[in-house]
Amino acid sequence: MKDENYFEKVYAITRLIPRGRISTYGTIASYLALGSARMVGWALNKSFSEERVPAHRVVNRKGELSGRNHFPTPTLMQELLEKEGAIVENNQIKNFKELFWDPAEELDIEL
DNA sequence: GGATTGACGTCTG
DNA sequence: GCAGACGCCAATC
(Lines give C-alpha, C1' and ligand atoms only; values in the text may rest on other atoms or scores of the structure.)
Protein backbone atom coordinates (compact mmCIF):
# COMPACT_ATOMS: atom_id res chain seq x y z
CA MET A 1 0.00 0.00 0.00
CA LYS A 2 1.91 2.96 -1.20
CA ASP A 3 0.03 5.86 0.26
CA GLU A 4 2.74 8.14 -0.97
CA ASN A 5 1.87 7.56 -4.57
CA TYR A 6 2.52 10.40 -6.92
CA PHE A 7 -1.14 10.93 -7.67
CA GLU A 8 -1.97 11.43 -4.00
CA LYS A 9 0.52 14.26 -3.94
CA VAL A 10 -1.22 15.75 -6.92
CA TYR A 11 -4.54 15.43 -5.14
CA ALA A 12 -3.17 17.30 -2.14
CA ILE A 13 -1.76 20.12 -4.25
CA THR A 14 -4.88 20.39 -6.37
CA ARG A 15 -7.10 20.48 -3.32
CA LEU A 16 -4.87 23.10 -1.74
CA ILE A 17 -5.43 25.45 -4.64
CA PRO A 18 -7.36 28.42 -3.24
CA ARG A 19 -10.63 29.45 -4.84
CA GLY A 20 -10.01 31.74 -7.75
CA ARG A 21 -6.50 30.39 -8.23
CA ILE A 22 -5.13 28.21 -10.99
CA SER A 23 -2.14 25.95 -11.27
CA THR A 24 -0.45 24.16 -14.13
CA TYR A 25 0.59 20.56 -14.76
CA GLY A 26 4.20 21.43 -15.38
CA THR A 27 4.53 23.47 -12.21
CA ILE A 28 3.03 20.74 -10.06
CA ALA A 29 5.03 18.07 -11.82
CA SER A 30 8.20 20.06 -11.40
CA TYR A 31 7.48 20.74 -7.75
CA LEU A 32 6.63 17.13 -6.98
CA ALA A 33 9.54 16.05 -9.18
CA LEU A 34 7.29 13.65 -11.06
CA GLY A 35 9.48 14.02 -14.10
CA SER A 36 6.62 14.54 -16.50
CA ALA A 37 3.60 16.78 -16.57
CA ARG A 38 1.61 13.89 -18.01
CA MET A 39 1.70 12.17 -14.64
CA VAL A 40 -0.19 15.11 -13.17
CA GLY A 41 -2.87 14.91 -15.84
CA TRP A 42 -3.19 11.21 -15.27
CA ALA A 43 -3.55 11.58 -11.54
CA LEU A 44 -6.22 14.20 -12.04
CA ASN A 45 -8.04 11.91 -14.40
CA LYS A 46 -8.32 9.34 -11.65
CA SER A 47 -9.17 12.08 -9.19
CA PHE A 48 -12.66 12.17 -10.65
CA SER A 49 -13.21 8.62 -9.52
CA GLU A 50 -11.31 8.96 -6.29
CA GLU A 51 -12.41 12.18 -4.65
CA ARG A 52 -13.69 15.63 -5.43
CA VAL A 53 -10.62 17.38 -6.64
CA PRO A 54 -10.89 20.85 -8.20
CA ALA A 55 -9.20 19.64 -11.35
CA HIS A 56 -10.80 22.55 -13.18
CA ARG A 57 -8.27 24.74 -11.41
CA VAL A 58 -5.47 22.90 -13.12
CA VAL A 59 -4.69 23.78 -16.70
CA ASN A 60 -1.80 23.38 -19.06
CA ARG A 61 1.10 25.79 -19.29
CA LYS A 62 -0.72 27.86 -21.88
CA GLY A 63 -3.58 28.49 -19.50
CA GLU A 64 -5.80 26.52 -21.82
CA LEU A 65 -8.60 24.24 -20.57
CA SER A 66 -7.08 21.24 -22.20
CA GLY A 67 -8.90 18.77 -19.97
CA ARG A 68 -12.38 20.19 -20.35
CA ASN A 69 -13.20 17.34 -22.69
CA HIS A 70 -12.77 14.89 -19.82
CA PHE A 71 -15.22 16.67 -17.57
CA PRO A 72 -18.82 15.46 -17.14
CA THR A 73 -19.65 18.34 -19.43
CA PRO A 74 -17.11 20.21 -21.57
CA THR A 75 -18.57 23.50 -20.41
CA LEU A 76 -18.44 22.66 -16.72
CA MET A 77 -14.78 23.53 -16.42
CA GLN A 78 -15.22 26.95 -17.93
CA GLU A 79 -18.33 27.59 -15.89
CA LEU A 80 -16.54 26.80 -12.66
CA LEU A 81 -13.55 28.93 -13.55
CA GLU A 82 -15.72 31.88 -14.51
CA LYS A 83 -17.73 31.45 -11.36
CA GLU A 84 -14.52 31.72 -9.35
CA GLY A 85 -13.63 34.96 -11.04
CA ALA A 86 -11.48 33.65 -13.85
CA ILE A 87 -11.89 35.10 -17.32
CA VAL A 88 -12.08 32.23 -19.77
CA GLU A 89 -12.16 32.97 -23.46
CA ASN A 90 -11.79 30.52 -26.30
CA ASN A 91 -11.19 27.78 -23.73
CA GLN A 92 -8.25 29.80 -22.51
CA ILE A 93 -7.78 31.77 -19.30
CA LYS A 94 -7.19 35.42 -20.04
CA ASN A 95 -6.09 36.48 -16.57
CA PHE A 96 -4.25 33.20 -16.20
CA LYS A 97 -1.11 35.04 -15.21
CA GLU A 98 -2.95 36.78 -12.40
CA LEU A 99 -4.68 33.66 -11.15
CA PHE A 100 -1.61 31.51 -11.48
CA TRP A 101 -0.82 29.75 -8.20
CA ASP A 102 2.43 28.06 -7.36
CA PRO A 103 2.67 25.23 -4.76
CA ALA A 104 6.08 26.49 -3.69
CA GLU A 105 4.44 29.76 -2.77
CA GLU A 106 2.06 28.02 -0.41
CA LEU A 107 4.87 25.93 1.02
CA ASP A 108 6.92 29.03 1.56
CA ILE A 109 4.12 30.51 3.63
CA GLU A 110 3.77 27.34 5.68
CA LEU A 111 7.46 27.26 6.33
C1' DG B 1 4.99 -8.94 -22.43
C1' DG B 2 4.93 -5.46 -26.27
C1' DA B 3 2.84 -1.51 -28.41
C1' DT B 4 -0.06 2.58 -28.03
C1' DT B 5 -2.07 6.31 -25.79
C1' DG B 6 -2.38 10.16 -22.59
C1' DA B 7 -5.89 16.45 -18.91
C1' DC B 8 2.04 18.20 -21.19
C1' DG B 9 6.47 20.39 -21.81
C1' DT B 10 10.63 21.68 -24.01
C1' DC B 11 13.72 21.86 -28.05
C1' DT B 12 14.72 22.43 -32.76
C1' DG B 13 13.56 23.98 -37.49
C1' DG C 1 7.11 33.96 -33.64
C1' DC C 2 4.87 29.68 -35.18
C1' DA C 3 4.92 24.69 -36.35
C1' DG C 4 6.41 20.21 -35.89
C1' DA C 5 8.87 16.41 -33.51
C1' DC C 6 10.69 14.17 -29.45
C1' DG C 7 10.75 12.98 -24.60
C1' DC C 8 8.44 11.40 -19.83
C1' DC C 9 6.43 7.72 -17.06
C1' DA C 10 2.56 5.01 -16.24
C1' DA C 11 -1.67 2.61 -17.41
C1' DT C 12 -4.45 0.27 -20.75
C1' DC C 13 -5.29 -2.73 -24.84
# chains A, B, ... in the order shown; residues from 1 in each chain; ligands from 1

call {"tool": "interface_residues", "arguments": {"of": "chain A", "to": "chain B", "cutoff": "6 Å", "atoms": "only C-alpha atoms (C1' of nucleotides)", "output": "list in words"}}
result
Ala37, Arg38, Gly41, Ser66 and Gly67 of chain A

call {"tool": "interface_residues", "arguments": {"of": "chain A", "to": "chain C", "cutoff": "7 Å", "atoms": "only C-alpha atoms (C1' of nucleotides)", "output": "MDAnalysis selection string"}}
result
chainID A and resid 35:36 39

call {"tool": "write_last_selection", "arguments": {"atoms": "C-alpha atoms", "output": "tab-separated table (two decimals), in the first residue's frame"}}
result
chain	number	residue	atom	x	y	z
A	35	GLY	CA	9.48	14.02	-14.10
A	36	SER	CA	6.62	14.54	-16.50
A	39	MET	CA	1.70	12.17	-14.64

call {"tool": "atom_distance", "arguments": {"atom1": "atom CA of Pro74 of chain A", "atom2": "atom CA of Leu34 of chain A"}}
result
27.4 Å

call {"tool": "select_by_dssp", "arguments": {"residues": "segment 7-108 of chain A", "states": "strand (DSSP E)", "output": "list in words"}}
result
Ser23, Thr24, Val58, Val59, Val88, Glu89, Gln92 and Ile93 of chain A

call {"tool": "select_by_dssp", "arguments": {"residues": "segment 22-96 of chain A", "states": "alpha helix (DSSP H)", "output": "PyMOL selection string"}}
result
chain A and resi 25-32+37-50+76-83+96

call {"tool": "atom_distance", "arguments": {"atom1": "atom CA of Tyr11 of chain A", "atom2": "atom CA of Glu51 of chain A"}}
result
8.5 Å

call {"tool": "atom_distance", "arguments": {"atom1": "atom CA of Leu99 of chain A", "atom2": "atom CA of Gln78 of chain A"}}
result
14.2 Å
